[in-house]
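*Asks:* File follows, model-v6.pdb with PDB, C-alpha atoms, pLDDT in the B column:
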```
ATOM      1  CA  SER A   1       0.000   0.000   0.000  1.00 32.00           C
ATOM      2  CA  VAL A   2       0.948   3.658  -0.240  1.00 38.00           C
ATOM      3  CA  ALA A   3       1.139   6.067   2.668  1.00 39.00           C
ATOM      4  CA  ILE A   4      -0.319   9.518   2.155  1.00 44.00           C
ATOM      5  CA  ALA A   5      -1.300  12.312   4.464  1.00 42.00           C
ATOM      6  CA  PRO A   6      -4.709  11.738   6.115  1.00 42.00           C
ATOM      7  CA  ALA A   7      -6.052  14.788   4.305  1.00 45.00           C
ATOM      8  CA  ALA A   8      -4.762  16.524   1.206  1.00 53.00           C
ATOM      9  CA  THR A   9      -5.145  20.069   0.016  1.00 52.00           C
ATOM     10  CA  PRO A  10      -4.666  21.099  -3.618  1.00 54.00           C
ATOM     11  CA  GLY A  11      -1.017  21.071  -4.624  1.00 54.00           C
ATOM     12  CA  VAL A  12       0.081  18.889  -1.685  1.00 51.00           C
ATOM     13  CA  ALA A  13       1.570  15.456  -2.331  1.00 52.00           C
ATOM     14  CA  GLY A  14       1.906  12.527   0.038  1.00 53.00           C
ATOM     15  CA  ALA A  15       4.264   9.544  -0.217  1.00 50.00           C
ATOM     16  CA  THR A  16       6.895   7.464   1.487  1.00 49.00           C
ATOM     17  CA  ALA A  17      10.351   6.604   0.113  1.00 51.00           C
ATOM     18  CA  GLY A  18      10.149   4.085  -2.758  1.00 65.00           C
ATOM     19  CA  ALA A  19       6.348   4.265  -2.882  1.00 78.00           C
ATOM     20  CA  PRO A  20       4.032   6.031  -5.331  1.00 86.00           C
ATOM     21  CA  SER A  21       3.195   9.649  -4.590  1.00 89.00           C
ATOM     22  CA  LEU A  22      -0.289  11.103  -4.853  1.00 91.00           C
ATOM     23  CA  LYS A  23      -0.987  14.773  -5.469  1.00 91.00           C
ATOM     24  CA  LEU A  24      -4.342  16.534  -5.329  1.00 92.00           C
ATOM     25  CA  GLU A  25      -4.101  18.618  -8.506  1.00 92.00           C
ATOM     26  CA  ARG A  26      -7.381  20.499  -8.420  1.00 92.00           C
ATOM     27  CA  VAL A  27     -10.868  20.725  -6.957  1.00 92.00           C
ATOM     28  CA  ASN A  28     -13.731  21.497  -9.351  1.00 92.00           C
ATOM     29  CA  ASP A  29     -16.687  22.843  -7.354  1.00 91.00           C
ATOM     30  CA  SER A  30     -19.563  23.727  -9.678  1.00 90.00           C
ATOM     31  CA  ARG A  31     -22.241  23.261  -7.009  1.00 91.00           C
ATOM     32  CA  CYS A  32     -24.915  25.947  -6.882  1.00 91.00           C
ATOM     33  CA  ARG A  33     -23.882  28.370  -4.159  1.00 91.00           C
ATOM     34  CA  VAL A  34     -26.293  29.164  -1.342  1.00 89.00           C
ATOM     35  CA  GLY A  35     -28.360  32.213  -2.300  1.00 90.00           C
ATOM     36  CA  ALA A  36     -27.707  31.852  -6.045  1.00 90.00           C
ATOM     37  CA  VAL A  37     -30.290  30.937  -8.683  1.00 90.00           C
ATOM     38  CA  CYS A  38     -29.049  27.980 -10.744  1.00 90.00           C
ATOM     39  CA  VAL A  39     -30.483  25.725 -13.451  1.00 91.00           C
ATOM     40  CA  TRP A  40     -28.673  22.653 -12.095  1.00 88.00           C
ATOM     41  CA  ALA A  41     -27.296  21.507  -8.751  1.00 86.00           C
ATOM     42  CA  GLY A  42     -23.712  21.060 -10.000  1.00 89.00           C
ATOM     43  CA  TYR A  43     -21.112  18.795  -8.413  1.00 91.00           C
ATOM     44  CA  ILE A  44     -17.726  18.705  -6.754  1.00 91.00           C
ATOM     45  CA  SER A  45     -14.848  16.572  -8.019  1.00 93.00           C
ATOM     46  CA  TYR A  46     -11.215  16.019  -7.063  1.00 94.00           C
ATOM     47  CA  SER A  47      -8.457  15.505  -9.672  1.00 94.00           C
ATOM     48  CA  PHE A  48      -5.357  13.561  -8.635  1.00 94.00           C
ATOM     49  CA  ALA A  49      -1.973  12.705 -10.159  1.00 94.00           C
ATOM     50  CA  LEU A  50      -0.394   9.406  -9.094  1.00 93.00           C
ATOM     51  CA  THR A  51       3.354   9.148  -9.753  1.00 92.00           C
ATOM     52  CA  ALA A  52       4.883   5.666  -9.630  1.00 89.00           C
ATOM     53  CA  PRO A  53       8.421   5.074  -8.304  1.00 87.00           C
ATOM     54  CA  ASP A  54       9.626   4.836 -11.947  1.00 88.00           C
ATOM     55  CA  GLY A  55       8.359   8.377 -12.590  1.00 89.00           C
ATOM     56  CA  THR A  56       5.312   7.534 -14.733  1.00 91.00           C
ATOM     57  CA  THR A  57       2.221   9.552 -13.848  1.00 93.00           C
ATOM     58  CA  SER A  58      -1.462   8.672 -14.218  1.00 93.00           C
ATOM     59  CA  ASN A  59      -4.402  10.956 -13.523  1.00 94.00           C
ATOM     60  CA  PHE A  60      -7.835  10.203 -12.122  1.00 95.00           C
ATOM     61  CA  VAL A  61     -10.914  11.967 -10.768  1.00 94.00           C
ATOM     62  CA  LEU A  62     -12.944  11.058  -7.682  1.00 95.00           C
ATOM     63  CA  SER A  63     -16.442  12.354  -6.945  1.00 93.00           C
ATOM     64  CA  ASP A  64     -19.563  11.121  -5.205  1.00 89.00           C
ATOM     65  CA  SER A  65     -21.794  13.514  -7.163  1.00 86.00           C
ATOM     66  CA  MET A  66     -20.308  14.042 -10.663  1.00 89.00           C
ATOM     67  CA  PRO A  67     -22.054  12.190 -13.518  1.00 87.00           C
ATOM     68  CA  ASN A  68     -19.996   9.244 -14.837  1.00 88.00           C
ATOM     69  CA  ALA A  69     -17.548   9.507 -11.933  1.00 89.00           C
ATOM     70  CA  SER A  70     -17.051   7.378  -8.856  1.00 93.00           C
ATOM     71  CA  PRO A  71     -15.927   7.921  -5.260  1.00 94.00           C
ATOM     72  CA  SER A  72     -13.503   4.999  -5.741  1.00 95.00           C
ATOM     73  CA  VAL A  73     -11.009   4.137  -8.498  1.00 94.00           C
ATOM     74  CA  THR A  74      -8.205   1.622  -9.024  1.00 93.00           C
ATOM     75  CA  GLN A  75      -4.880   2.805 -10.460  1.00 89.00           C
ATOM     76  CA  ASN A  76      -1.571   0.915 -10.605  1.00 86.00           C
ATOM     77  CA  GLY A  77      -2.821  -1.879  -8.347  1.00 87.00           C
ATOM     78  CA  LEU A  78      -4.130   0.488  -5.657  1.00 90.00           C
ATOM     79  CA  THR A  79      -7.717   1.447  -4.896  1.00 93.00           C
ATOM     80  CA  PHE A  80      -8.350   5.060  -3.842  1.00 94.00           C
ATOM     81  CA  THR A  81     -11.669   5.799  -2.087  1.00 95.00           C
ATOM     82  CA  LEU A  82     -13.029   9.124  -0.846  1.00 93.00           C
ATOM     83  CA  THR A  83     -13.629   8.935   2.902  1.00 92.00           C
ATOM     84  CA  GLY A  84     -14.127  12.585   3.798  1.00 87.00           C
ATOM     85  CA  VAL A  85     -14.274  16.044   2.269  1.00 86.00           C
ATOM     86  CA  GLU A  86     -14.188  19.516   3.794  1.00 87.00           C
ATOM     87  CA  PRO A  87     -16.113  21.669   3.666  1.00 86.00           C
ATOM     88  CA  GLN A  88     -19.188  19.570   2.962  1.00 84.00           C
ATOM     89  CA  ALA A  89     -21.493  22.582   2.952  1.00 85.00           C
ATOM     90  CA  VAL A  90     -21.844  24.624  -0.232  1.00 88.00           C
ATOM     91  CA  PRO A  91     -20.493  28.164   0.262  1.00 87.00           C
ATOM     92  CA  ALA A  92     -22.718  31.226  -0.067  1.00 90.00           C
ATOM     93  CA  LYS A  93     -22.689  33.038  -3.412  1.00 88.00           C
ATOM     94  CA  ASN A  94     -20.592  35.992  -2.150  1.00 89.00           C
ATOM     95  CA  GLU A  95     -18.286  33.892   0.037  1.00 89.00           C
ATOM     96  CA  ALA A  96     -14.628  33.383  -0.911  1.00 90.00           C
ATOM     97  CA  THR A  97     -13.623  30.005  -2.334  1.00 87.00           C
ATOM     98  CA  PRO A  98     -13.017  27.764   0.687  1.00 88.00           C
ATOM     99  CA  ASP A  99      -9.867  25.786   1.454  1.00 88.00           C
ATOM    100  CA  TYR A 100     -10.753  22.260   0.338  1.00 89.00           C
ATOM    101  CA  ARG A 101      -9.462  19.130   2.067  1.00 89.00           C
ATOM    102  CA  VAL A 102     -10.065  15.540   1.066  1.00 89.00           C
ATOM    103  CA  SER A 103      -9.334  12.286   2.886  1.00 91.00           C
ATOM    104  CA  LEU A 104      -8.768   8.995   1.076  1.00 92.00           C
ATOM    105  CA  ARG A 105      -8.510   5.328   1.963  1.00 92.00           C
ATOM    106  CA  VAL A 106      -5.809   3.583  -0.066  1.00 90.00           C
ATOM    107  CA  SER A 107      -5.809  -0.204  -0.318  1.00 90.00           C
ATOM    108  CA  ASN A 108      -4.293  -2.885  -2.505  1.00 87.00           C
ATOM    109  CA  ALA A 109      -6.618  -3.770  -5.368  1.00 78.00           C
ATOM    110  CA  PRO A 110      -7.840  -7.381  -5.348  1.00 75.00           C
ATOM    111  CA  SER A 111      -5.961  -9.569  -7.828  1.00 68.00           C
ATOM    112  CA  SER A 112      -7.918 -11.039 -10.688  1.00 59.00           C
TER     113      SER A 112
END
```
Show me the file's structure as structure tokens.
*Replies:*
Amino acid sequence: SVAIAPAATPGVAGATAGAPSLKLERVNDSRCRVGAVCVWAGYISYSFALTAPDGTTSNFVLSDSMPNASPSVTQNGLTFTLTGVEPQAVPAKNEATPDYRVSLRVSNAPSS
């Protein structure tokens, strides 16, 4: 398995020596802000870059609300699952963009 920080903020990577590193690249929050008038509810998604010890990088997106996305994905023999996100509440329409944090569970993918 890979060790990463319990919670990641955009631009922060987590890894241990000789293990893959995982970086939260970006948060896309298109949810309708409190007090705004919107034609759709929107969603929040988290884009990650996984760099293997050999330097190859793969990208994936996790979301529990984005169409055609999943809160869990398997990459390079590891399964990444969303376990917590902050803030969970949608900000108000005039509020500054919040500092996002996301927690993941990382486990070895079952062999086929």
*Asks:* If you count only C-alpha atoms, which residues fall within 10 Å of Gln88 of chain A, apart from same-chain ones fewer than 2 positions away, as a list in words?
*Replies:* Ile44, Gly84, Val85, Glu86, Val90, Pro91, Tyr100 and Arg101 of chain A
*Asks:* Which value, in Å to one decimal, gives the distance between atom CA of Phe60 of chain A and atom CA of Trp40 of chain A?
*Replies:*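 We find that atom CA of Phe60 of chain A and atom CA of Trp40 of chain A lie 24.3 Å from each other.
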*Asks:* Would you compute the distance between atom CA of Phe48 of chain A and atom CA of Arg105 of chain A? Give it in Å to one decimal.
*Replies:*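 These two atoms are separated by 13.8 Å.
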*Asks:* Provide the atom CA of Ala19 of chain A to atom CA of Ala52 of chain A distance in Å, to one decimal place.
*Replies:*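 Atom-to-atom, atom CA of Ala19 of chain A and atom CA of Ala52 of chain A are spaced 7.0 Å apart.
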*Asks:* Translate the PyMOL selection byres ((chain A and resi 80) around 7), as applied to the file shown, into an explicit residue set as a list in words.
*Replies:*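 Against this file, the PyMOL selection byres ((chain A and resi 80) around 7) returns the residues Ser72, Val73, Thr74, Leu78, Thr79, Thr81, Leu82, Leu104, Arg105, Val106 and Ser107 of chain A.
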*Asks:* Go ahead and write the selection's residues with C-alpha atoms as a JSON list (two decimals), in the frame of the given file.
*Replies:*
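Generated output (part_3.json):
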```json
[["chain", "number", "residue", "atom", "x", "y", "z"],
["A", 72, "SER", "CA", -13.50, 5.00, -5.74],
["A", 73, "VAL", "CA", -11.01, 4.14, -8.50],
["A", 74, "THR", "CA", -8.20, 1.62, -9.02],
["A", 78, "LEU", "CA", -4.13, 0.49, -5.66],
["A", 79, "THR", "CA", -7.72, 1.45, -4.90],
["A", 81, "THR", "CA", -11.67, 5.80, -2.09],
["A", 82, "LEU", "CA", -13.03, 9.12, -0.85],
["A", 104, "LEU", "CA", -8.77, 8.99, 1.08],
["A", 105, "ARG", "CA", -8.51, 5.33, 1.96],
["A", 106, "VAL", "CA", -5.81, 3.58, -0.07],
["A", 107, "SER", "CA", -5.81, -0.20, -0.32]]
```
*Asks:* Skip Val61 of chain A itself and residues of its chain fewer than 3 positions away, then list as an MDAnalysis selection string all residues within 10 Å of it, counting only C-alpha atoms.
*Replies:* chainID A and resid 24:27 45:49 66 69:73
*Asks:* With only C-alpha atoms as the basis for distance, which of A:Ala41, A:Ala109, A:Leu22, A:Val102 is at the shortest distance from Pro67 of chain A?
*Replies:*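 Ranking A:Ala41, A:Ala109, A:Leu22, A:Val102 by distance to Pro67 of chain A, first place goes to A:Ala41.
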*Asks:* Between A:Arg33, A:Asp64, A:Lys93, A:Thr51, single out the one closest to Asn76 of chain A, counting all atoms listed in the file.
*Replies:* A:Thr51
*Asks:* Spell out the residues picked by the PyMOL selection byres ((chain A and resi 53-56) around 10) here, as a PyMOL selection string.
*Replies:* chain A and resi 17-21+50-52+57-58
*Asks:* Pick out the closest residue to Asn68 of chain A from this set: A:Ala92, A:Tyr43, A:Ser30, A:Asp99. Count all atoms listed in the file.
*Replies:*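 Going through A:Ala92, A:Tyr43, A:Ser30, A:Asp99 one by one, the smallest distance to Asn68 of chain A is for A:Tyr43.
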*Asks:* N, CA and C atoms for segment 12-48 of chain A, written as a PDB file, keeping the file's coordinate frame, could you do that?
*Replies:*
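Below is the file result-v4.pdb, written as the result:
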```
ATOM      1  N   VAL A  12      -0.707  19.594  -2.694  1.00 51.00           N
ATOM      2  CA  VAL A  12       0.081  18.889  -1.685  1.00 51.00           C
ATOM      3  C   VAL A  12       0.155  17.418  -2.056  1.00 51.00           C
ATOM      4  N   ALA A  13       1.360  16.862  -2.011  1.00 52.00           N
ATOM      5  CA  ALA A  13       1.570  15.456  -2.331  1.00 52.00           C
ATOM      6  C   ALA A  13       1.868  14.690  -1.065  1.00 52.00           C
ATOM      7  N   GLY A  14       1.586  13.389  -1.088  1.00 53.00           N
ATOM      8  CA  GLY A  14       1.906  12.527   0.038  1.00 53.00           C
ATOM      9  C   GLY A  14       2.536  11.250  -0.473  1.00 53.00           C
ATOM     10  N   ALA A  15       3.590  10.776   0.196  1.00 50.00           N
ATOM     11  CA  ALA A  15       4.264   9.544  -0.217  1.00 50.00           C
ATOM     12  C   ALA A  15       5.261   9.134   0.836  1.00 50.00           C
ATOM     13  N   THR A  16       5.768   7.919   0.691  1.00 49.00           N
ATOM     14  CA  THR A  16       6.895   7.464   1.487  1.00 49.00           C
ATOM     15  C   THR A  16       7.984   7.046   0.512  1.00 49.00           C
ATOM     16  N   ALA A  17       9.221   6.932   0.989  1.00 51.00           N
ATOM     17  CA  ALA A  17      10.351   6.604   0.113  1.00 51.00           C
ATOM     18  C   ALA A  17      10.088   5.298  -0.627  1.00 51.00           C
ATOM     19  N   GLY A  18      10.308   5.289  -1.950  1.00 65.00           N
ATOM     20  CA  GLY A  18      10.149   4.085  -2.758  1.00 65.00           C
ATOM     21  C   GLY A  18       8.710   3.729  -3.069  1.00 65.00           C
ATOM     22  N   ALA A  19       7.765   4.538  -2.640  1.00 78.00           N
ATOM     23  CA  ALA A  19       6.348   4.265  -2.882  1.00 78.00           C
ATOM     24  C   ALA A  19       5.799   5.301  -3.855  1.00 78.00           C
ATOM     25  N   PRO A  20       4.651   5.027  -4.461  1.00 86.00           N
ATOM     26  CA  PRO A  20       4.032   6.031  -5.331  1.00 86.00           C
ATOM     27  C   PRO A  20       3.698   7.293  -4.544  1.00 86.00           C
ATOM     28  N   SER A  21       3.645   8.421  -5.240  1.00 89.00           N
ATOM     29  CA  SER A  21       3.195   9.649  -4.590  1.00 89.00           C
ATOM     30  C   SER A  21       1.881  10.077  -5.216  1.00 89.00           C
ATOM     31  N   LEU A  22       1.028  10.674  -4.420  1.00 91.00           N
ATOM     32  CA  LEU A  22      -0.289  11.103  -4.853  1.00 91.00           C
ATOM     33  C   LEU A  22      -0.410  12.591  -4.590  1.00 91.00           C
ATOM     34  N   LYS A  23      -0.840  13.332  -5.608  1.00 91.00           N
ATOM     35  CA  LYS A  23      -0.987  14.773  -5.469  1.00 91.00           C
ATOM     36  C   LYS A  23      -2.404  15.170  -5.856  1.00 91.00           C
ATOM     37  N   LEU A  24      -3.041  15.961  -5.004  1.00 92.00           N
ATOM     38  CA  LEU A  24      -4.342  16.534  -5.329  1.00 92.00           C
ATOM     39  C   LEU A  24      -4.072  17.726  -6.236  1.00 92.00           C
ATOM     40  N   GLU A  25      -4.399  17.591  -7.517  1.00 92.00           N
ATOM     41  CA  GLU A  25      -4.101  18.618  -8.506  1.00 92.00           C
ATOM     42  C   GLU A  25      -5.088  19.784  -8.456  1.00 92.00           C
ATOM     43  N   ARG A  26      -6.386  19.439  -8.342  1.00 92.00           N
ATOM     44  CA  ARG A  26      -7.381  20.499  -8.420  1.00 92.00           C
ATOM     45  C   ARG A  26      -8.714  20.009  -7.875  1.00 92.00           C
ATOM     46  N   VAL A  27      -9.495  20.973  -7.393  1.00 92.00           N
ATOM     47  CA  VAL A  27     -10.868  20.725  -6.957  1.00 92.00           C
ATOM     48  C   VAL A  27     -11.772  21.507  -7.894  1.00 92.00           C
ATOM     49  N   ASN A  28     -12.757  20.833  -8.486  1.00 92.00           N
ATOM     50  CA  ASN A  28     -13.731  21.497  -9.351  1.00 92.00           C
ATOM     51  C   ASN A  28     -15.060  21.524  -8.594  1.00 92.00           C
ATOM     52  N   ASP A  29     -15.444  22.696  -8.116  1.00 91.00           N
ATOM     53  CA  ASP A  29     -16.687  22.843  -7.354  1.00 91.00           C
ATOM     54  C   ASP A  29     -17.661  23.696  -8.164  1.00 91.00           C
ATOM     55  N   SER A  30     -18.559  23.023  -8.883  1.00 90.00           N
ATOM     56  CA  SER A  30     -19.563  23.727  -9.678  1.00 90.00           C
ATOM     57  C   SER A  30     -20.934  23.692  -9.010  1.00 90.00           C
ATOM     58  N   ARG A  31     -20.961  23.324  -7.720  1.00 91.00           N
ATOM     59  CA  ARG A  31     -22.241  23.261  -7.009  1.00 91.00           C
ATOM     60  C   ARG A  31     -22.873  24.647  -6.934  1.00 91.00           C
ATOM     61  N   CYS A  32     -24.189  24.680  -6.976  1.00 91.00           N
ATOM     62  CA  CYS A  32     -24.915  25.947  -6.882  1.00 91.00           C
ATOM     63  C   CYS A  32     -24.698  26.527  -5.488  1.00 91.00           C
ATOM     64  N   ARG A  33     -24.168  27.732  -5.449  1.00 91.00           N
ATOM     65  CA  ARG A  33     -23.882  28.370  -4.159  1.00 91.00           C
ATOM     66  C   ARG A  33     -25.169  28.792  -3.461  1.00 91.00           C
ATOM     67  N   VAL A  34     -25.146  28.762  -2.155  1.00 89.00           N
ATOM     68  CA  VAL A  34     -26.293  29.164  -1.342  1.00 89.00           C
ATOM     69  C   VAL A  34     -26.640  30.614  -1.662  1.00 89.00           C
ATOM     70  N   GLY A  35     -27.904  30.866  -1.980  1.00 90.00           N
ATOM     71  CA  GLY A  35     -28.360  32.213  -2.300  1.00 90.00           C
ATOM     72  C   GLY A  35     -28.324  32.527  -3.778  1.00 90.00           C
ATOM     73  N   ALA A  36     -27.759  31.639  -4.596  1.00 90.00           N
ATOM     74  CA  ALA A  36     -27.707  31.852  -6.045  1.00 90.00           C
ATOM     75  C   ALA A  36     -28.896  31.150  -6.703  1.00 90.00           C
ATOM     76  N   VAL A  37     -29.255  31.599  -7.887  1.00 90.00           N
ATOM     77  CA  VAL A  37     -30.290  30.937  -8.683  1.00 90.00           C
ATOM     78  C   VAL A  37     -29.566  30.159  -9.774  1.00 90.00           C
ATOM     79  N   CYS A  38     -29.764  28.844  -9.807  1.00 90.00           N
ATOM     80  CA  CYS A  38     -29.049  27.980 -10.744  1.00 90.00           C
ATOM     81  C   CYS A  38     -30.026  27.081 -11.483  1.00 90.00           C
ATOM     82  N   VAL A  39     -29.639  26.641 -12.685  1.00 91.00           N
ATOM     83  CA  VAL A  39     -30.483  25.725 -13.451  1.00 91.00           C
ATOM     84  C   VAL A  39     -30.130  24.266 -13.178  1.00 91.00           C
ATOM     85  N   TRP A  40     -29.017  24.019 -12.488  1.00 88.00           N
ATOM     86  CA  TRP A  40     -28.673  22.653 -12.095  1.00 88.00           C
ATOM     87  C   TRP A  40     -27.913  22.693 -10.777  1.00 88.00           C
ATOM     88  N   ALA A  41     -27.897  21.570 -10.087  1.00 86.00           N
ATOM     89  CA  ALA A  41     -27.296  21.507  -8.751  1.00 86.00           C
ATOM     90  C   ALA A  41     -25.772  21.574  -8.798  1.00 86.00           C
ATOM     91  N   GLY A  42     -25.167  21.091  -9.899  1.00 89.00           N
ATOM     92  CA  GLY A  42     -23.712  21.060 -10.000  1.00 89.00           C
ATOM     93  C   GLY A  42     -23.118  19.906  -9.206  1.00 89.00           C
ATOM     94  N   TYR A  43     -21.803  19.878  -9.122  1.00 91.00           N
ATOM     95  CA  TYR A  43     -21.112  18.795  -8.413  1.00 91.00           C
ATOM     96  C   TYR A  43     -19.740  19.283  -7.976  1.00 91.00           C
ATOM     97  N   ILE A  44     -19.105  18.450  -7.158  1.00 91.00           N
ATOM     98  CA  ILE A  44     -17.726  18.705  -6.754  1.00 91.00           C
ATOM     99  C   ILE A  44     -16.904  17.466  -7.097  1.00 91.00           C
ATOM    100  N   SER A  45     -15.724  17.690  -7.668  1.00 93.00           N
ATOM    101  CA  SER A  45     -14.848  16.572  -8.019  1.00 93.00           C
ATOM    102  C   SER A  45     -13.406  16.921  -7.650  1.00 93.00           C
ATOM    103  N   TYR A  46     -12.599  15.888  -7.503  1.00 94.00           N
ATOM    104  CA  TYR A  46     -11.215  16.019  -7.063  1.00 94.00           C
ATOM    105  C   TYR A  46     -10.316  15.320  -8.081  1.00 94.00           C
ATOM    106  N   SER A  47      -9.369  16.053  -8.662  1.00 94.00           N
ATOM    107  CA  SER A  47      -8.457  15.505  -9.672  1.00 94.00           C
ATOM    108  C   SER A  47      -7.101  15.223  -9.029  1.00 94.00           C
ATOM    109  N   PHE A  48      -6.607  14.004  -9.238  1.00 94.00           N
ATOM    110  CA  PHE A  48      -5.357  13.561  -8.635  1.00 94.00           C
ATOM    111  C   PHE A  48      -4.346  13.152  -9.699  1.00 94.00           C
TER     112      PHE A  48
END
```
